[in-house]
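Trainee: Next comes model-v4.txt, compact mmCIF, C-alpha atoms:
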# COMPACT_ATOMS: atom_id res chain seq x y z
CA MET A 1 -29.14 -24.44 -41.62
CA ALA A 2 -28.25 -20.95 -40.37
CA ARG A 3 -25.79 -18.95 -42.44
CA PRO A 4 -22.26 -18.93 -40.98
CA VAL A 5 -20.89 -15.63 -39.72
CA TRP A 6 -17.53 -16.49 -41.32
CA LYS A 7 -16.32 -19.01 -43.90
CA GLY A 8 -12.76 -20.19 -44.43
CA SER A 9 -10.56 -23.12 -43.47
CA ILE A 10 -8.59 -24.55 -40.56
CA ALA A 11 -4.90 -25.05 -41.33
CA PHE A 12 -3.90 -28.21 -39.44
CA GLY A 13 -0.34 -29.08 -40.47
CA LEU A 14 -0.58 -29.62 -44.22
CA VAL A 15 -4.31 -30.38 -43.95
CA SER A 16 -6.81 -27.66 -44.85
CA ILE A 17 -10.37 -28.16 -43.57
CA PRO A 18 -13.10 -25.91 -45.06
CA VAL A 19 -15.33 -24.73 -42.21
CA GLY A 20 -18.05 -22.27 -41.33
CA LEU A 21 -18.27 -20.35 -38.07
CA HIS A 22 -21.68 -20.31 -36.35
CA GLY A 23 -22.75 -18.42 -33.25
CA ALA A 24 -22.93 -20.69 -30.18
CA VAL A 25 -24.79 -18.38 -27.80
CA ARG A 26 -27.68 -15.94 -27.92
CA GLU A 27 -28.41 -13.05 -25.64
CA GLN A 28 -31.62 -13.34 -23.64
CA ARG A 29 -32.69 -10.00 -22.21
CA VAL A 30 -35.59 -7.61 -22.21
CA ARG A 31 -35.15 -5.08 -25.00
CA PHE A 32 -36.47 -1.59 -24.37
CA HIS A 33 -37.51 1.05 -26.88
CA GLN A 34 -36.66 4.67 -26.19
CA LEU A 35 -39.79 6.85 -26.12
CA GLU A 36 -40.58 10.48 -25.43
CA ARG A 37 -42.03 10.72 -21.91
CA GLY A 38 -45.81 10.91 -21.90
CA THR A 39 -46.12 9.50 -25.43
CA SER A 40 -45.64 6.23 -27.27
CA ASN A 41 -43.47 7.92 -29.90
CA ARG A 42 -40.21 6.12 -30.66
CA ILE A 43 -36.90 7.97 -30.52
CA ARG A 44 -34.81 7.45 -33.66
CA TYR A 45 -31.15 8.22 -34.26
CA ARG A 46 -29.83 9.54 -37.54
CA ARG A 47 -26.33 9.69 -39.00
CA VAL A 48 -25.71 13.35 -39.68
CA ASN A 49 -22.80 15.40 -40.95
CA GLU A 50 -21.70 17.42 -37.91
CA ALA A 51 -20.77 20.40 -40.08
CA THR A 52 -23.94 20.62 -42.21
CA GLY A 53 -26.45 18.85 -39.96
CA GLU A 54 -27.67 16.87 -42.98
CA GLU A 55 -28.35 13.12 -42.81
CA VAL A 56 -25.77 10.95 -44.62
CA PRO A 57 -26.84 7.69 -46.35
CA LEU A 58 -25.01 4.59 -45.18
CA GLU A 59 -23.35 3.98 -48.55
CA ARG A 60 -21.54 7.32 -48.28
CA ILE A 61 -20.07 6.65 -44.86
CA VAL A 62 -16.39 5.60 -44.75
CA ARG A 63 -13.95 4.72 -41.99
CA GLY A 64 -11.44 7.26 -40.76
CA VAL A 65 -8.65 7.22 -38.18
CA PRO A 66 -7.26 10.45 -36.65
CA VAL A 67 -3.45 10.78 -36.65
CA GLU A 68 -1.15 12.97 -34.54
CA ASP A 69 -1.05 16.00 -36.82
CA GLY A 70 -4.84 16.29 -36.77
CA ARG A 71 -5.42 14.77 -40.19
CA ILE A 72 -7.88 11.90 -40.80
CA VAL A 73 -6.65 8.82 -42.68
CA VAL A 74 -9.48 7.12 -44.58
CA VAL A 75 -9.38 3.29 -44.69
CA ASP A 76 -11.61 1.45 -47.17
CA ASP A 77 -12.45 -2.22 -47.72
CA ASP A 78 -9.56 -2.72 -50.14
CA ASP A 79 -7.12 -1.40 -47.53
CA LEU A 80 -8.47 -3.82 -44.94
CA ALA A 81 -8.20 -6.75 -47.34
CA ALA A 82 -4.61 -5.80 -48.21
CA ALA A 83 -3.64 -5.72 -44.54
CA ALA A 84 -4.30 -9.48 -44.15
CA PRO A 85 -4.58 -11.05 -47.63
CA GLU A 86 -3.71 -14.58 -46.52
CA GLN A 87 -4.98 -14.84 -42.97
CA SER A 88 -8.40 -13.36 -43.62
CA ARG A 89 -9.86 -16.76 -44.58
CA THR A 90 -7.63 -19.12 -42.62
CA ILE A 91 -7.72 -20.28 -39.00
CA ASP A 92 -4.04 -21.02 -38.53
CA LEU A 93 -3.50 -23.62 -35.77
CA GLN A 94 -0.13 -22.82 -34.22
CA ASP A 95 0.08 -24.75 -30.92
CA PHE A 96 -1.75 -27.38 -28.90
CA VAL A 97 -1.89 -26.62 -25.17
CA ASP A 98 -3.43 -27.88 -21.95
CA GLY A 99 -6.76 -26.08 -21.58
CA GLU A 100 -6.22 -25.60 -17.84
CA GLN A 101 -3.27 -23.32 -18.65
CA ILE A 102 -5.60 -20.77 -20.27
CA ASP A 103 -6.73 -18.02 -17.90
CA PRO A 104 -10.54 -17.61 -18.19
CA LEU A 105 -9.95 -13.83 -18.40
CA LEU A 106 -8.73 -14.40 -21.95
CA TYR A 107 -11.96 -15.95 -23.28
CA GLU A 108 -14.44 -13.82 -25.22
CA THR A 109 -17.14 -15.35 -27.47
CA PRO A 110 -17.81 -19.03 -28.32
CA TYR A 111 -18.69 -20.30 -31.81
CA TYR A 112 -19.40 -23.67 -33.39
CA LEU A 113 -17.16 -24.74 -36.25
CA ALA A 114 -18.92 -26.85 -38.88
CA PRO A 115 -17.51 -28.62 -41.97
CA ALA A 116 -18.34 -26.49 -45.00
CA THR A 117 -18.33 -29.32 -47.57
CA PRO A 118 -19.06 -33.08 -47.53
CA ALA A 119 -15.37 -33.77 -48.22
CA ALA A 120 -14.42 -31.78 -45.09
CA ARG A 121 -16.36 -34.06 -42.73
CA ARG A 122 -13.64 -36.69 -42.38
CA PRO A 123 -10.67 -34.38 -41.62
CA TYR A 124 -12.99 -32.34 -39.37
CA ALA A 125 -13.93 -35.46 -37.38
CA LEU A 126 -10.27 -36.49 -37.27
CA LEU A 127 -9.19 -33.17 -35.73
CA ALA A 128 -12.06 -33.27 -33.23
CA ALA A 129 -11.17 -36.82 -32.18
CA ALA A 130 -7.47 -35.95 -31.85
CA LEU A 131 -8.23 -32.98 -29.62
CA GLU A 132 -10.65 -34.97 -27.50
CA ARG A 133 -8.33 -37.95 -27.10
CA SER A 134 -5.31 -35.79 -26.26
CA GLY A 135 -7.19 -33.38 -24.00
CA ARG A 136 -5.49 -30.52 -25.82
CA VAL A 137 -6.77 -27.18 -27.09
CA GLY A 138 -5.66 -25.78 -30.43
CA ILE A 139 -4.47 -22.17 -30.40
CA ALA A 140 -5.00 -20.26 -33.63
CA THR A 141 -5.24 -16.80 -35.14
CA PHE A 142 -7.72 -15.59 -37.76
CA VAL A 143 -9.39 -12.42 -38.98
CA LEU A 144 -13.05 -11.81 -38.09
CA ARG A 145 -14.96 -8.55 -38.48
CA GLU A 146 -11.97 -6.44 -39.47
CA ARG A 147 -9.64 -7.50 -36.65
CA GLU A 148 -7.34 -10.39 -35.94
CA HIS A 149 -8.39 -12.71 -33.12
CA LEU A 150 -6.55 -15.19 -31.00
CA ALA A 151 -8.71 -18.30 -30.68
CA ALA A 152 -8.91 -21.56 -28.74
CA ILE A 153 -10.39 -24.60 -30.52
CA ARG A 154 -11.54 -27.53 -28.42
CA SER A 155 -13.57 -30.67 -29.03
CA SER A 156 -16.92 -31.00 -27.27
CA ALA A 157 -18.70 -34.32 -27.86
CA GLY A 158 -17.13 -34.61 -31.32
CA VAL A 159 -17.94 -31.00 -32.28
CA LEU A 160 -15.27 -28.33 -32.69
CA VAL A 161 -15.92 -25.22 -30.61
CA LEU A 162 -13.93 -22.04 -31.21
CA SER A 163 -13.68 -19.37 -28.54
CA THR A 164 -12.23 -16.00 -29.50
CA MET A 165 -9.67 -14.76 -26.97
CA ARG A 166 -8.12 -11.50 -25.86
CA PHE A 167 -4.45 -10.96 -26.52
CA ALA A 168 -2.27 -10.72 -23.43
CA ASP A 169 -1.80 -6.95 -23.76
CA GLU A 170 -5.58 -6.47 -23.64
CA VAL A 171 -5.88 -7.84 -20.09
CA ARG A 172 -5.31 -5.27 -17.37
CA GLU A 173 -3.18 -5.86 -14.30
CA PRO A 174 -5.14 -6.19 -11.02
CA PRO A 175 -5.74 -2.80 -9.34
CA VAL A 176 -3.41 -1.66 -6.57
CA GLU A 177 -6.15 -2.39 -4.00
CA LEU A 178 -5.51 -6.10 -4.54
CA GLU A 179 -1.78 -5.99 -3.82
CA GLY A 180 -0.80 -8.23 -0.89
CA ILE A 181 -4.37 -9.39 -0.29
CA SER A 182 -3.44 -13.09 -0.22
CA GLY A 183 -1.37 -12.59 2.94
CA VAL A 184 -4.24 -11.53 5.23
CA VAL A 185 -5.85 -14.98 5.64
CA ALA A 186 -5.65 -16.69 9.04
CA GLY A 187 -5.36 -20.47 9.35
CA ARG A 188 -8.55 -21.06 11.38
CA GLU A 189 -10.60 -18.89 9.02
CA LEU A 190 -9.27 -20.74 6.00
CA ASP A 191 -10.11 -24.16 7.51
CA ILE A 192 -13.74 -23.16 8.10
CA ALA A 193 -14.00 -21.48 4.69
CA LEU A 194 -12.75 -24.69 3.05
CA SER A 195 -15.32 -26.70 5.00
CA LEU A 196 -18.04 -24.30 3.85
CA VAL A 197 -16.95 -24.69 0.22
CA GLU A 198 -16.88 -28.50 0.56
CA SER A 199 -20.36 -28.54 2.14
CA MET A 200 -21.76 -26.62 -0.85
CA GLN A 201 -20.04 -28.59 -3.61
CA ALA A 202 -22.22 -29.90 -6.44
CA ALA A 203 -21.98 -31.15 -10.00
CA PHE A 204 -22.30 -28.17 -12.32
CA ASP A 205 -25.59 -28.13 -14.23
CA PRO A 206 -25.99 -24.87 -16.17
CA ALA A 207 -29.71 -25.58 -16.73
CA SER A 208 -30.39 -25.19 -13.00
CA TYR A 209 -29.36 -21.52 -12.96
CA HIS A 210 -31.81 -18.95 -14.28
CA ASP A 211 -31.92 -15.23 -14.94
CA THR A 212 -34.37 -14.44 -12.14
CA TYR A 213 -34.04 -10.69 -12.72
CA ARG A 214 -35.20 -11.09 -16.33
CA GLN A 215 -38.06 -13.35 -15.22
CA ARG A 216 -39.23 -10.78 -12.68
CA LEU A 217 -38.85 -7.96 -15.18
CA GLU A 218 -40.92 -9.84 -17.78
CA ALA A 219 -43.61 -10.52 -15.15
CA LEU A 220 -43.57 -6.86 -14.13
CA ILE A 221 -44.06 -5.80 -17.77
CA GLU A 222 -46.93 -8.28 -18.18
CA ALA A 223 -48.59 -6.93 -15.02
CA LYS A 224 -48.22 -3.30 -16.13
CA ALA A 225 -49.66 -4.22 -19.54
CA ARG A 226 -52.74 -5.53 -17.70
CA GLY A 227 -52.99 -2.25 -15.79
CA GLU A 228 -52.31 -3.84 -12.42
CA ALA A 229 -50.73 -1.97 -9.52
CA ILE A 230 -47.20 -2.99 -8.57
CA ASP A 231 -45.63 -2.61 -5.16
CA VAL A 232 -41.93 -3.43 -5.26
CA HIS A 233 -40.73 -3.26 -1.68
CA ALA A 234 -38.00 -5.87 -1.28
CA LYS A 235 -34.52 -4.49 -0.70
CA ALA A 236 -31.11 -6.07 -1.09
CA PRO A 237 -29.33 -6.81 2.19
CA GLU A 238 -26.94 -4.10 3.26
CA ALA A 239 -23.23 -4.86 3.56
CA SER A 240 -21.98 -5.03 7.12
CA ASN A 241 -18.60 -4.88 8.83
CA VAL A 242 -17.62 -8.42 9.75
CA VAL A 243 -15.65 -8.28 12.99
CA ASP A 244 -15.63 -11.95 14.04
CA LEU A 245 -15.04 -13.71 10.73
CA VAL A 246 -14.66 -17.16 12.35
CA SER A 247 -18.06 -16.84 14.03
CA VAL A 248 -19.79 -15.74 10.82
CA LEU A 249 -18.15 -18.53 8.81
CA SER A 250 -19.15 -21.10 11.42
CA ARG A 251 -22.80 -19.99 11.29
CA SER A 252 -22.66 -20.05 7.49
CA LEU A 253 -21.32 -23.61 7.59
CA GLU A 254 -24.10 -24.75 9.94
CA GLU A 255 -26.75 -23.13 7.73
CA ALA A 256 -25.32 -24.72 4.58
CA ARG A 257 -25.34 -28.15 6.21
CA ARG A 258 -28.96 -27.70 7.33
CA ARG A 259 -30.01 -26.76 3.82
CA ARG A 260 -28.19 -29.74 2.34
CA SER A 261 -29.81 -32.12 4.81
CA GLY A 262 -33.24 -30.72 3.99
CA ARG A 263 -33.90 -29.30 7.46
CA GLY A 264 -33.18 -25.61 6.77
CA ASP A 265 -35.57 -22.93 5.50
CA GLY A 266 -33.76 -22.80 2.16
CA ALA A 267 -34.03 -26.54 1.44
CA GLY A 268 -35.41 -27.44 -1.94
CA ARG A 269 -34.97 -24.01 -3.50
CA PRO A 270 -33.79 -24.39 -7.11
CA ALA A 271 -30.30 -23.12 -7.83
CA GLY A 272 -30.23 -19.61 -9.20
CA ARG A 273 -33.59 -18.69 -7.64
CA SER A 274 -33.50 -16.05 -4.92
CA PRO A 275 -35.82 -16.27 -1.89
CA ASP A 276 -36.19 -12.50 -1.94
CA GLY A 277 -37.15 -10.11 -4.68
CA PRO A 278 -39.87 -7.75 -5.85
CA GLN A 279 -43.23 -8.62 -4.28
CA VAL A 280 -46.76 -7.65 -5.26
CA VAL A 281 -49.58 -6.37 -3.10
CA ALA A 282 -52.59 -8.66 -2.75
CA GLY A 283 -54.78 -8.55 -5.80
CA SER A 284 -52.17 -6.87 -7.99
CA GLY A 285 -49.80 -8.15 -10.63
CA GLY A 286 -46.04 -8.10 -10.67
CA PRO A 287 -43.09 -10.29 -9.86
CA GLY A 288 -43.68 -12.65 -7.01
CA ALA A 289 -42.39 -16.10 -6.16
CA GLY A 290 -41.19 -17.94 -9.22
CA GLY A 291 -40.86 -14.75 -11.26
CA ARG A 292 -44.55 -14.25 -12.21
CA SER A 293 -47.40 -12.06 -11.07
CA ALA A 294 -49.30 -12.85 -7.88
CA PRO A 295 -52.79 -13.12 -9.41
CA ALA A 296 -51.51 -15.45 -12.12
CA ALA A 297 -49.76 -17.53 -9.48
CA VAL A 298 -52.97 -17.86 -7.47
CA THR A 299 -55.28 -18.52 -10.40
CA ALA A 300 -53.05 -20.83 -12.38
CA GLY A 301 -51.63 -22.46 -9.27
CA ALA A 302 -55.11 -23.36 -8.02
CA ALA A 303 -56.09 -24.70 -11.42
CA ALA A 304 -52.87 -26.68 -11.59
CA GLU A 305 -53.57 -28.24 -8.17
CA SER A 306 -57.08 -29.20 -9.21
CA GLU A 307 -55.76 -30.94 -12.30
CA GLY A 308 -52.88 -32.68 -10.55
CA VAL A 309 -50.25 -30.62 -12.39
CA ALA A 310 -48.91 -28.41 -9.60
CA ASP A 311 -45.41 -29.08 -10.93
CA LEU A 312 -46.14 -26.60 -13.74
CA ALA A 313 -46.02 -23.66 -11.35
CA GLY A 314 -42.22 -23.79 -11.12
CA LEU A 315 -41.54 -23.96 -14.86
CA ARG A 316 -39.93 -21.15 -16.84
CA ARG A 317 -41.59 -19.55 -19.87
CA ASP A 318 -39.48 -21.50 -22.38
CA GLN A 319 -40.40 -24.78 -20.67
CA LEU A 320 -44.10 -23.87 -20.64
CA TYR A 321 -43.83 -22.86 -24.30
CA ARG A 322 -42.49 -26.30 -25.24
CA LEU A 323 -45.40 -27.93 -23.40
CA ALA A 324 -47.84 -25.57 -25.14
CA ARG A 325 -46.37 -26.54 -28.51
CA GLU A 326 -46.70 -30.26 -27.71
CA LEU A 327 -50.31 -29.69 -26.66
CA GLY A 328 -51.10 -27.66 -29.77
CA VAL A 329 -52.05 -24.47 -27.89
CA PRO A 330 -52.95 -21.77 -30.44
CA GLY A 331 -51.44 -18.30 -30.16
CA ARG A 332 -48.68 -19.52 -27.83
CA SER A 333 -45.93 -17.44 -29.45
CA SER A 334 -47.43 -14.17 -28.22
CA MET A 335 -48.23 -15.37 -24.70
CA GLY A 336 -46.36 -14.36 -21.58
CA ARG A 337 -45.44 -16.85 -18.88
CA ALA A 338 -48.65 -16.49 -16.85
CA ALA A 339 -50.85 -16.86 -19.95
CA LEU A 340 -48.87 -19.90 -21.09
CA LEU A 341 -49.35 -21.50 -17.66
CA ASP A 342 -53.14 -21.02 -17.81
CA ALA A 343 -53.25 -22.25 -21.41
CA VAL A 344 -51.23 -25.40 -20.67
CA VAL A 345 -53.45 -26.21 -17.67
CA ALA A 346 -56.58 -25.73 -19.80
CA ALA A 347 -55.13 -27.82 -22.63
CA ARG A 348 -54.29 -30.67 -20.26
CA ARG A 349 -57.89 -30.70 -19.06
CA GLN A 350 -59.01 -31.23 -22.64
CA GLY A 351 -56.60 -34.08 -23.28
CA PRO A 352 -54.00 -34.57 -26.06
CA PRO A 353 -54.30 -32.58 -29.32
CA ALA A 354 -55.70 -35.54 -31.29
CA SER A 355 -58.59 -36.07 -28.88
CA ARG A 356 -59.35 -32.33 -28.88
CA ARG A 357 -59.53 -32.31 -32.68
CA ARG A 358 -61.92 -35.27 -32.64
CA ALA A 359 -64.07 -33.57 -30.00
CA SER A 360 -64.24 -30.41 -32.07
Can you dump the structure from the file as structure tokens?
Mentor:
Amino acid sequence: MARPVWKGSIAFGLVSIPVGLHGAVREQRVRFHQLERGTSNRIRYRRVNEATGEEVPLERIVRGVPVEDGRIVVVDDDDLAAAAPEQSRTIDLQDFVDGEQIDPLLYETPYYLAPATPAARRPYALLAAALERSGRVGIATFVLREREHLAAIRSSAGVLVLSTMRFADEVREPPVELEGISGVVAGRELDIALSLVESMQAAFDPASYHDTYRQRLEALIEAKARGEAIDVHAKAPEASNVVDLVSVLSRSLEEARRRRSGRGDGAGRPAGRSPDGPQVVAGSGGPGAGGRSAPAAVTAGAAAESEGVADLAGLRRDQLYRLARELGVPGRSSMGRAALLDAVVAARRQGPPASRRRAS
């Protein structure tokens, strides 16, 4: 089990529940290295004393806060501990509120709360069941990473989820450009806009939305690594001045209804996938439809058709990786999406892993 980022207890009335705090999300993005142009040499940053120019080891670095008279007040670990000796290891539940009353602007980062000891499982389950049955959210304060946080604790399928929150004075007022904006809506425009919203309603499924920019960027990097030419020519649509808002809304409504009925050009496109984006010249790699390079799409797509597995062409890298793992594809961890697609197609031709081992 992963190490918790924080350990302490939830104070629930007179009940104290030992818990650990575990990260609930992970960032998925392409990470770049900084290099000197024309070389593959990494750029490194050092911590240096601005007066001497000499590098300072981490153990000699302390925290300091400037005050009005120009002096620096140094704050060490003991000072931080003294500032919150009791709250530093306690999530103090203060109120139980209706979750719909919480403005989403206040939410920051979600975490899973887990019972820290076997004896904590029963009171943990009791609190989770009480929150789920009542539909309430527990509001608490606790200290994490040297600052006090406001937090909302809710039950999700019997598991306690804590979301850190911003305090009210950390949320800015809307800019002056938004003053009085609610009074400019006309009745006819609102009726059509409501119809458009209703025509596009759907049950929310987070798995059907994907980071298409990251997929295209990964495909572009794979293509450049293969030395293939890339021609990115698609442009985002330019904003225009809408004069007849009713007319534009009406056309939007008709288009949405055609797509929903399966008669429009956009029918069947997965949610979160854009019809436009960086394209690749014939015979070159780069991001094309489905977020992978054109040659890979042609080669793997044709192979997939011949094997009766054309459905693979629309899968993301993580989905292809899971298939590759089930099929026992070697070297799958280092493969990009296009390589995984080819490998999965080839592995399916050979049959399940057991039969391949017998054949070998």
Trainee: In Å, rounded to a single decimal, give me how far atom CA of Tyr107 of chain A is from atom CA of Leu150 of chain A.
Mentor: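 Distance reported for this atom pair: 9.5 Å.
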Trainee: Can you work out the spacing between atom CA of Val345 of chain A and atom CA of Glu222 of chain A in Å, to one decimal?
Mentor: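 About the pair atom CA of Val345 of chain A and atom CA of Glu222 of chain A: they are 19.1 Å apart.
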Trainee: With distances taken over only C-alpha atoms, which of A:Ser155, A:Ser40, A:Ser252, A:Gln350 is nearest to Ile192 of chain A?
Mentor: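 Using only C-alpha atoms, Ile192 of chain A sits closest to A:Ser252.
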Trainee: Provide the atom CA of Glu189 of chain A to atom CA of Val248 of chain A distance in Å, to one decimal place.
Mentor: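 Between atom CA of Glu189 of chain A and atom CA of Val248 of chain A the gap works out to 9.9 Å.
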Trainee: Show which residues sit within 12 Å of Leu58 of chain A, as a PyMOL selection string. Count all atoms listed in the file, and ignore same-chain residues fewer than 3 positions away.
Mentor: chain A and resi 46-49+55+61-63
Trainee: Tell me, as an MDAnalysis selection string, which residues lie within 12 Å of Gln34 of chain A, counting all atoms listed in the file; anything in the same chain fewer than 6 positions away does not count.
Mentor: chainID A and resid 40:45
Trainee: Excluding segment 168-172 of chain A and its own-chain neighbours fewer than 3 positions away, which residues fall within 10 Å of it when counting all atoms listed in the file? Please give them as a tab-separated table (two decimals) with C-alpha atoms, in the coordinates of the input.
Mentor:
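Saved result, around-v8.tsv, follows:
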chain	number	residue	atom	x	y	z
A	105	LEU	CA	-9.95	-13.83	-18.40
A	106	LEU	CA	-8.73	-14.40	-21.95
A	150	LEU	CA	-6.55	-15.19	-31.00
A	165	MET	CA	-9.67	-14.76	-26.97
A	175	PRO	CA	-5.74	-2.80	-9.34
Trainee: Under the rule that only C-alpha atoms are counted, which of A:Ile221, A:Leu253, A:Gln319, A:Val75 is the nearest residue to Phe32 of chain A?
Mentor: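 Of A:Ile221, A:Leu253, A:Gln319, A:Val75, the one nearest Phe32 of chain A, counting only C-alpha atoms, is A:Ile221.
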Trainee: Using all atoms listed in the file for the distances, tell me which of A:Arg166, A:Arg89, A:Arg316, A:Arg145 is nearest to Asp103 of chain A.
Mentor: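 Checking each of A:Arg166, A:Arg89, A:Arg316, A:Arg145 against Asp103 of chain A, counting all atoms listed in the file, the winner is A:Arg166.
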Trainee: Of the candidates A:Arg122, A:Arg214, A:Arg3, A:Arg136, which one gets nearest to Asp95 of chain A if we count all atoms listed in the file?
Mentor: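 Answer, going by the shortest atom-to-atom distance: A:Arg136.
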